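Undergrad: Here it is, the structure in full.
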Amino acid sequence: MTNRTAFRVGVALDGAGWHPAAWSHAPGADPATLFAQEHWSGRARELAAGGVDFVTLEDGLGLWTDRFGTAPDDTGHRVRGRLDPVVVAALLLATTGIREVVVTRNVPHVQPFQVAAQLASLAAIAPGRVVWRPQVSADARDATVVGGAPTPALEPDDVYVPTRIARRLRDLFRDAEDHVRTVRRLWATFPETALGGDDGAFWQPGRIRPVTYDGEPRYPAAGPLTVPVGTPPPVAVLAHHALEPYRLAAAVADRVFLTPTTDGPLPELIAAFRQIEALTPESRPTQVYADIAVVLGDGEDHAQERLGQLDDAAGEPWSTDTGVFVGTAKRLAAELADWRDGLGLSGVRLRPAVLAEDAGRVLHDLTPLLR
Amino acid sequence: MSATGRAGTARKQIHLAAHFPGVNNTTVWSDPESGSQIDFSSFVHLARTAERAKFDFLFLAEGLRLREHGGHIYDLDVVGRPDTFTVLAALAAVTDRIGLTGTINSTFNEPYEVARQFASLDHLTDGRAAWNVVTSWDAFTGENFRRGGFLPESRRYARAKEFLATATELFDSWRGDEILADQESGRFLREAGAGAFAHKGEEFTIEGRFDVPRGPQGRPVIFQAGDSDEGREFAASSADAIFSRYGTLEEGKAFYTDVKRRLARYGRAPGELLILPSATFVLGDTDEEAEERARQVRRQQVSGATALRHLEFVWNRDLSGYDPEGPLPDVDPLVGEHTVARGRAQVRMYRDPLATAREWRELAEANGWSIRDLVIHTGNRQTFVGSPETVARTLDEFVQADAADGFILVPHLVPGGLDEFADTVVPLLQERGVFRTEYEGTTLRDHLGLAHPDAHPDARRGAGAQAAGPGPGRADRTGAP
C-alpha cells in the first residue's frame, strides 16, 4: 500500500514551457522577461503555494537547440538563451518556499570539484531542498563552446531512438558514473559534524580528509571539499529507455525519471529498470518517478485543440524525448494514481507544454486530486 | 549635491564595500560575539548592513583548496565557505541595490562557464554583478581539478588576460536588442544567429553560440587584485577596479599614481579604473578606547599557536617546540622549496627568509618582543583605528589625497562586524558630503560611476560596423510600426 501523501508532483521549468511555440501562446505573459528574477521566483512561489513538491531546472551549455542539436537552428522562432541552473536554483531556494529544486548539471564539461562545491553550497543555503541531476551531454557542440575534449555527435536519425542515442554516447555514460562517484566522495570529505566541538576548536582534527580512491578515476579531485556538507544532495538521473542510461541510474541514482511513451509504457519501463538494477553491483535503492510532457484542457477536445494550435504555430507536430499526455487533469490524475498504487511510482515530473497555462492547470486541477 | 570643498569644487566621493571576512586570522571566530562563519544568514546580515549603509558592493573571496601546514589541514583559522555564485545569487533575492562581487579564478575554470554564470547573475540581480579575476595557478590547488597544476607561473597573466578577453567576447556576443519576442509574428529572435562567437588563441579555442542574452550591465564590472608589474598592467588594460593591499597613506598614493599613470597607454581615463584598497578598522568612543580595543583584537587574531605558525611561514621548518611568549628561534630558516605551508600566497612574499629572520631578531631584541609580540607588530595592523570622527576624517583624507578611491572594509567579526561602522562612521561621511545618502542608480556600474560598455561604441569588440551610430537593431526598433 503506497502512502498517498508521499506521492510527489514536480514541474519542469524551462523557458516559457516545453512546446516550441509555448512562448507565443502564453496569454498575458511577456516572453521578453524570461531572464528576469521575477519570472523565476514568481513561478516557483505559485507552484510551492499550490502544493507542488519540486521544480527542476535544465542545463545545456550551448545555445538551446532542437532535437539534441541535430536540427538546423536558423529560424529565430524559438526561445533561445537560458540562465545557469545553479544561479537560478540559489535564487529560488532563497526566495521561495518550494520544497525541493532539482538542479541539472552537465557531466562531461563541468568538473566534479565545481559540481560538488556548488551543489553542497546550495544545500548549505537550503538544507534538504537540493537534488543534483547529472546529465550526459548529448550535443557534441557543448565541447566546442567549452573547449573540452570532443564528445560523440548524434546523427539526425538517432534522436528518435533512445537505444541509438545511448549506444553512441556509451563512453560518456561510463564517465558519468565515475564523475558522480567523485562528487559523492568529495561530499564525504568535509562533514558538517566536523565543525565545532567541546574543546573550542573550529573543527575536529581528522574529521576533514582528502579523497581516497580505489583505482584510477577519470575525474580525479584531491579534496577535501571547501564547504561543509550536511546531508548530501540526492542524485536524480533522467533515463531514456535504453541500457546505458538505465545502468547509470541503477548504479548511482537515488531517483530515476523514466520516460513512458506509447511504444514503451511505464510498467514495461519499470520492469526493465528493476531488472538492470538487480544486475548492477553496488546499486543503490532507487525511487522511480515518471517524466511526462503535458497539454491539459477543460475537456479531452479542448486539450487536443490546444495542442493543435501549438503545433500549427510551430509548423510541425510536437515531438519530444518523452511521452506527451494530452487530456484532462482528471484523467491524468487517475492514471498517476493507478501507477502510484499499482506500480509503486514515487512521483512524477511534469513538463508543461505552456508554463503559464499547463502549470496553472496542474496546480488548480491536478494536485488536489492526488492529495 | 551640495557638498563642496573650500575651493568650491565638488569633493571626491568615497566608494565603500564590505568584504565577508576571509579564511585567515583577520577573522576572529573564537570571539563570543562571533556567529556562524558559514550559515547563509551570516551573509544576509552583512549584505543587509552594507546595503542599509548604502555601500557600493559586497565582496566575496575564493578558496579552491583548504590550506595545509606541516602536512595537515590548517586548523587555527576558519575553514569551509559556500561557493561564490550560490551565495551571490541567493543574496540577490534578499537585497535590492547593493553590488555583488565574486572572486573567480582564471586558471582552473573555462571562460564559457564563468561567463555564463556571471551573465546569469547579472540578469537575476538586475545589473549588480562583478567579477574579481584572480590567477592562483599552483599545483597544490590544481590537484582539485582535472588538469592539475598545468600552468607555469610565468603564464598565469597571459592566461588571465586571454580568459577575460574571451569572456568579454562571450558577453558581447549578444548586443542586447536581439530578443523581439513578438507573439503576433511568432518571431522570438530578431536575428537567428544571436550569440555567435569564435575565439582562437593560445589558451582557448572555442566557438558556438553563447547561452545567455546580454545582461543589464552589458558585462559585469571587472576587478583585479594582482600587485606584480604584470598584475598592474593587466588591471590598467582590462579592469574597472583594483582590490589593492596598500592601506597606508604614502604607499597608497604611490600605488595609485603608478596604476593610474598606466591607463593612458590603453587610451583610458583615470576615472575608468578605481583603486579600492582592502582595509580593516577598530572603533571606540574615543581614540584611546579604540587603540585599546585594537590591541585586544590583535592579540585575539594572533594567538600563541598562530604566532608560531606565522613564523614557520618564514622559517620553513617545524617550530612547535618554541615558546611563543619567549624569544625568537636561534636556528635559521630553511632556504629552498617551501614545504611547510601549502595553498598560502603570503609565503611568496618572503623572498629572502634569512634576511627577514635577521631583521626580525633585531626588531625583537630592540623592543623586547616575544615571538607573539613580533607577529602582532609585523603582521597587518588595523588600517583605521579611532573614534568614528577620527576614522571618518582619515578615510576622507586618504581619498581626497588620492591614496584611494574608496575602501573594501574587512570586519574582524562575522556577521555583526560592520554594524558599528554603518551606524557611526557612515553618517559622518555623509555629513562631510563625501558619501551617498541614497543610491542614485540601480546597477553597480551606476554606484561606481562607471560607464555602461555600450556607452562607448568603440569599446566593444567587433564594433567597427556599428561605430558610426546606433546599431542596426536599435534603429529597427525605433522605426518599427
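Labels used: A, B, ... for chains in the order of the C-alpha cells, numbers from 1 for residues in each chain, and numbers from 1 for ligands as shown.
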What's the 9 Å shell around Leu122 in chain A, counting only C-alpha atoms, without same-chain residues fewer than 5 positions away, as a ChimeraX atom specification?
TA: /A:86,89-90,93,117,127,129-130 /B:82-83,86-87,90
Undergrad: Write out as a ChimeraX atom specification each polymer residue whose atoms come within 10 Å of Arg8 in chain A, counting only C-alpha atoms; drop sequence neighbours fewer than 6 positions from it.
TA: /A:51-54,289,340,345-349,367,370-371
Undergrad: Write out as an mmCIF file with C-alpha atoms, in the first residue's frame which residues come within 7 Å of Arg128 in chain B when counting only C-alpha atoms, dropping same-chain ones fewer than 2 positions away.
TA:
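Generated file (result-v9.cif):
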```cif
data_model
loop_
_atom_site.group_PDB
_atom_site.id
_atom_site.type_symbol
_atom_site.label_atom_id
_atom_site.label_comp_id
_atom_site.auth_asym_id
_atom_site.auth_seq_id
_atom_site.Cartn_x
_atom_site.Cartn_y
_atom_site.Cartn_z
ATOM 1 C CA ILE B 98 23.958 46.619 -3.389
ATOM 2 C CA GLY B 99 26.512 45.310 -5.890
ATOM 3 C CA LEU B 100 27.647 41.683 -5.570
ATOM 4 C CA ASP B 122 23.784 39.981 -13.801
ATOM 5 C CA THR B 125 20.433 40.875 -9.847
ATOM 6 C CA ASP B 126 19.231 43.435 -12.363
ATOM 7 C CA ALA B 130 31.025 41.997 -10.538
ATOM 8 C CA THR B 443 23.322 48.942 -11.185
ATOM 9 C CA LEU B 444 26.778 48.505 -9.716
#
```
Undergrad: Give the answer as one residue: which of B:Ile104, B:Ile206, B:Ala18, B:Leu164 has the shortest atom-to-atom distance to chain A, using only C-alpha atoms?
TA: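 Comparing B:Ile104, B:Ile206, B:Ala18, B:Leu164 against chain A, the winner is B:Ile206.
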Undergrad: Can you tell me how far CA of Thr104 in chain A sits from CA of Arg133 in chain A, in Å to one decimal?
TA: 4.5 Å
Undergrad: Per DSSP on the backbone, filter range 126-213 of chain A down to the residues in alpha helix (DSSP H) and report them as a PyMOL selection string.
TA: chain A and resi 141-146+162-168+170-189
Undergrad: Up to 7 Å from chain B, what residues of chain A turn up? Count only C-alpha atoms and give them as a ChimeraX atom specification.
TA: /A:24,31-32,35-37,61-63,74-79,81-84,86-87,90-91,94-95,111,113,117-118,121-122,125,144-147,202,219-223,226-228
Undergrad: Just N, CA and C atoms for this one: save the residues we selected as a short mmCIF file (atom, residue, chain, number, x, y, z; two decimals), in the first residue's frame.
TA:
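Result file result39.cif:
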```
data_model
loop_
_atom_site.label_atom_id
_atom_site.label_comp_id
_atom_site.auth_asym_id
_atom_site.auth_seq_id
_atom_site.Cartn_x
_atom_site.Cartn_y
_atom_site.Cartn_z
N SER A 24 4.85 31.95 -27.59
CA SER A 24 3.94 32.84 -28.31
C SER A 24 2.48 32.54 -27.96
N PRO A 31 7.20 37.35 -22.96
CA PRO A 31 8.33 36.43 -23.16
C PRO A 31 9.68 37.13 -23.02
N ALA A 32 9.69 38.44 -23.13
CA ALA A 32 10.98 39.14 -23.01
C ALA A 32 11.48 39.15 -21.57
N PHE A 35 14.24 36.16 -18.54
CA PHE A 35 15.55 36.15 -17.90
C PHE A 35 15.59 37.00 -16.64
N ALA A 36 14.42 37.43 -16.19
CA ALA A 36 14.39 38.31 -15.01
C ALA A 36 14.06 37.50 -13.76
N GLN A 37 14.49 38.04 -12.63
CA GLN A 37 14.29 37.38 -11.34
C GLN A 37 12.82 37.03 -11.10
N LEU A 61 24.72 23.65 -22.37
CA LEU A 61 25.80 24.63 -22.38
C LEU A 61 25.68 25.59 -23.54
N GLY A 62 25.61 25.03 -24.75
CA GLY A 62 25.47 25.90 -25.91
C GLY A 62 24.07 26.48 -25.92
N LEU A 63 23.84 27.30 -26.92
CA LEU A 63 22.51 27.87 -27.04
C LEU A 63 21.52 26.74 -27.25
N ASP A 74 18.12 27.99 -37.47
CA ASP A 74 18.27 29.28 -38.12
C ASP A 74 16.93 29.98 -38.28
N THR A 75 16.00 29.63 -37.41
CA THR A 75 14.67 30.18 -37.62
C THR A 75 14.42 31.48 -36.87
N GLY A 76 14.91 31.56 -35.65
CA GLY A 76 14.58 32.74 -34.84
C GLY A 76 13.18 32.68 -34.26
N HIS A 77 12.49 31.53 -34.44
CA HIS A 77 11.12 31.42 -33.95
C HIS A 77 11.00 30.73 -32.60
N ARG A 78 12.12 30.30 -32.06
CA ARG A 78 12.09 29.58 -30.78
C ARG A 78 12.73 30.43 -29.69
N VAL A 79 12.37 30.09 -28.45
CA VAL A 79 13.07 30.73 -27.33
C VAL A 79 14.53 30.30 -27.38
N GLY A 81 18.44 31.08 -25.39
CA GLY A 81 19.03 31.67 -24.20
C GLY A 81 18.46 31.01 -22.97
N ARG A 82 19.37 30.72 -22.02
CA ARG A 82 18.93 30.05 -20.80
C ARG A 82 19.90 30.45 -19.70
N LEU A 83 19.37 30.74 -18.52
CA LEU A 83 20.24 31.12 -17.41
C LEU A 83 20.88 29.87 -16.79
N ASP A 84 21.99 30.08 -16.14
CA ASP A 84 22.70 28.99 -15.50
C ASP A 84 21.85 28.41 -14.36
N VAL A 86 22.50 26.65 -11.63
CA VAL A 86 22.96 26.79 -10.24
C VAL A 86 22.58 28.18 -9.71
N VAL A 87 22.78 29.19 -10.56
CA VAL A 87 22.48 30.56 -10.17
C VAL A 87 20.96 30.72 -9.95
N ALA A 90 19.87 28.94 -6.65
CA ALA A 90 20.17 29.69 -5.43
C ALA A 90 19.09 30.74 -5.18
N LEU A 91 18.68 31.39 -6.24
CA LEU A 91 17.64 32.40 -6.13
C LEU A 91 16.33 31.76 -5.63
N ALA A 94 16.39 30.67 -2.00
CA ALA A 94 16.41 31.77 -1.02
C ALA A 94 15.12 32.56 -1.00
N THR A 95 14.36 32.57 -2.10
CA THR A 95 13.18 33.46 -2.13
C THR A 95 11.85 32.74 -2.11
N GLN A 111 33.52 20.31 -14.03
CA GLN A 111 34.41 19.50 -13.21
C GLN A 111 33.74 19.06 -11.90
N PHE A 113 34.81 18.83 -8.91
CA PHE A 113 35.03 19.68 -7.74
C PHE A 113 34.05 20.84 -7.73
N ALA A 117 31.18 21.45 -4.99
CA ALA A 117 31.17 22.67 -4.17
C ALA A 117 29.87 23.45 -4.38
N GLN A 118 29.43 23.55 -5.63
CA GLN A 118 28.24 24.37 -5.87
C GLN A 118 26.97 23.70 -5.33
N SER A 121 26.96 23.85 -1.63
CA SER A 121 26.69 25.22 -1.17
C SER A 121 25.19 25.52 -1.24
N LEU A 122 24.56 25.06 -2.32
CA LEU A 122 23.11 25.22 -2.39
C LEU A 122 22.46 24.51 -1.21
N ILE A 125 22.74 26.49 1.90
CA ILE A 125 21.78 27.60 1.95
C ILE A 125 20.38 27.06 2.27
N THR A 144 32.64 22.13 -28.12
CA THR A 144 33.29 23.22 -28.84
C THR A 144 33.08 24.57 -28.15
N VAL A 145 31.99 24.73 -27.40
CA VAL A 145 31.83 26.03 -26.72
C VAL A 145 32.66 26.11 -25.44
N VAL A 146 32.82 24.95 -24.77
CA VAL A 146 33.61 24.97 -23.54
C VAL A 146 35.09 24.77 -23.84
N GLY A 147 35.39 24.02 -24.89
CA GLY A 147 36.78 23.77 -25.23
C GLY A 147 37.28 22.47 -24.64
N PHE A 202 37.84 25.13 15.94
CA PHE A 202 36.89 25.44 14.86
C PHE A 202 36.40 24.15 14.22
N TYR A 219 37.84 11.18 -13.39
CA TYR A 219 37.62 12.54 -12.90
C TYR A 219 38.21 12.68 -11.50
N PRO A 220 39.52 12.86 -11.39
CA PRO A 220 40.11 12.95 -10.05
C PRO A 220 39.92 14.33 -9.42
N ALA A 221 39.89 14.36 -8.12
CA ALA A 221 39.91 15.61 -7.36
C ALA A 221 40.46 15.26 -5.99
N ALA A 222 41.44 16.02 -5.53
CA ALA A 222 42.14 15.64 -4.30
C ALA A 222 41.27 15.82 -3.06
N GLY A 223 40.49 16.90 -3.04
CA GLY A 223 39.75 17.19 -1.82
C GLY A 223 40.68 17.67 -0.73
N THR A 226 35.75 22.40 -0.05
CA THR A 226 35.97 23.66 0.66
C THR A 226 34.72 24.14 1.38
N VAL A 227 33.68 23.34 1.37
CA VAL A 227 32.45 23.73 2.06
C VAL A 227 31.93 22.52 2.84
N PRO A 228 31.47 22.75 4.07
CA PRO A 228 30.97 21.62 4.85
C PRO A 228 29.66 21.08 4.29
#
```
Undergrad: I want to know what sits within 10 Å of His39 in chain A, based on only C-alpha atoms, with residues of the same chain fewer than 5 positions away left out; could you give that as a ChimeraX atom specification?
TA: /A:15-16,29-31,33-34,44 /B:124
Undergrad: With a distance cut-off of 12 Å and only C-alpha atoms, select the neighbouring residues of Asp263 in chain A, excluding the residue or stretch itself and same-chain residues fewer than 3 positions from it, and output the selection as a ChimeraX atom specification.
TA: /A:160-162,241,259-260,266-269,322-323
Undergrad: Go ahead and write the selection's residues with C-alpha atoms as a PDB file, in the first residue's frame.
TA:
```
ATOM      1  CA  TYR A 160      14.090   9.256 -32.371  1.00  0.00           C
ATOM      2  CA  VAL A 161      15.554   6.038 -30.971  1.00  0.00           C
ATOM      3  CA  PRO A 162      16.780   6.134 -27.356  1.00  0.00           C
ATOM      4  CA  HIS A 241      14.671   3.835 -22.363  1.00  0.00           C
ATOM      5  CA  THR A 259      10.090   8.410 -19.903  1.00  0.00           C
ATOM      6  CA  PRO A 260       6.921   6.451 -20.717  1.00  0.00           C
ATOM      7  CA  LEU A 266       5.534   2.693 -17.825  1.00  0.00           C
ATOM      8  CA  PRO A 267       5.016  -0.870 -16.459  1.00  0.00           C
ATOM      9  CA  GLU A 268       7.454  -2.159 -19.072  1.00  0.00           C
ATOM     10  CA  LEU A 269       9.994   0.548 -18.291  1.00  0.00           C
ATOM     11  CA  THR A 322       9.224  11.553 -23.561  1.00  0.00           C
ATOM     12  CA  GLY A 323       5.533  10.807 -23.926  1.00  0.00           C
TER      13      GLY A 323
END
```
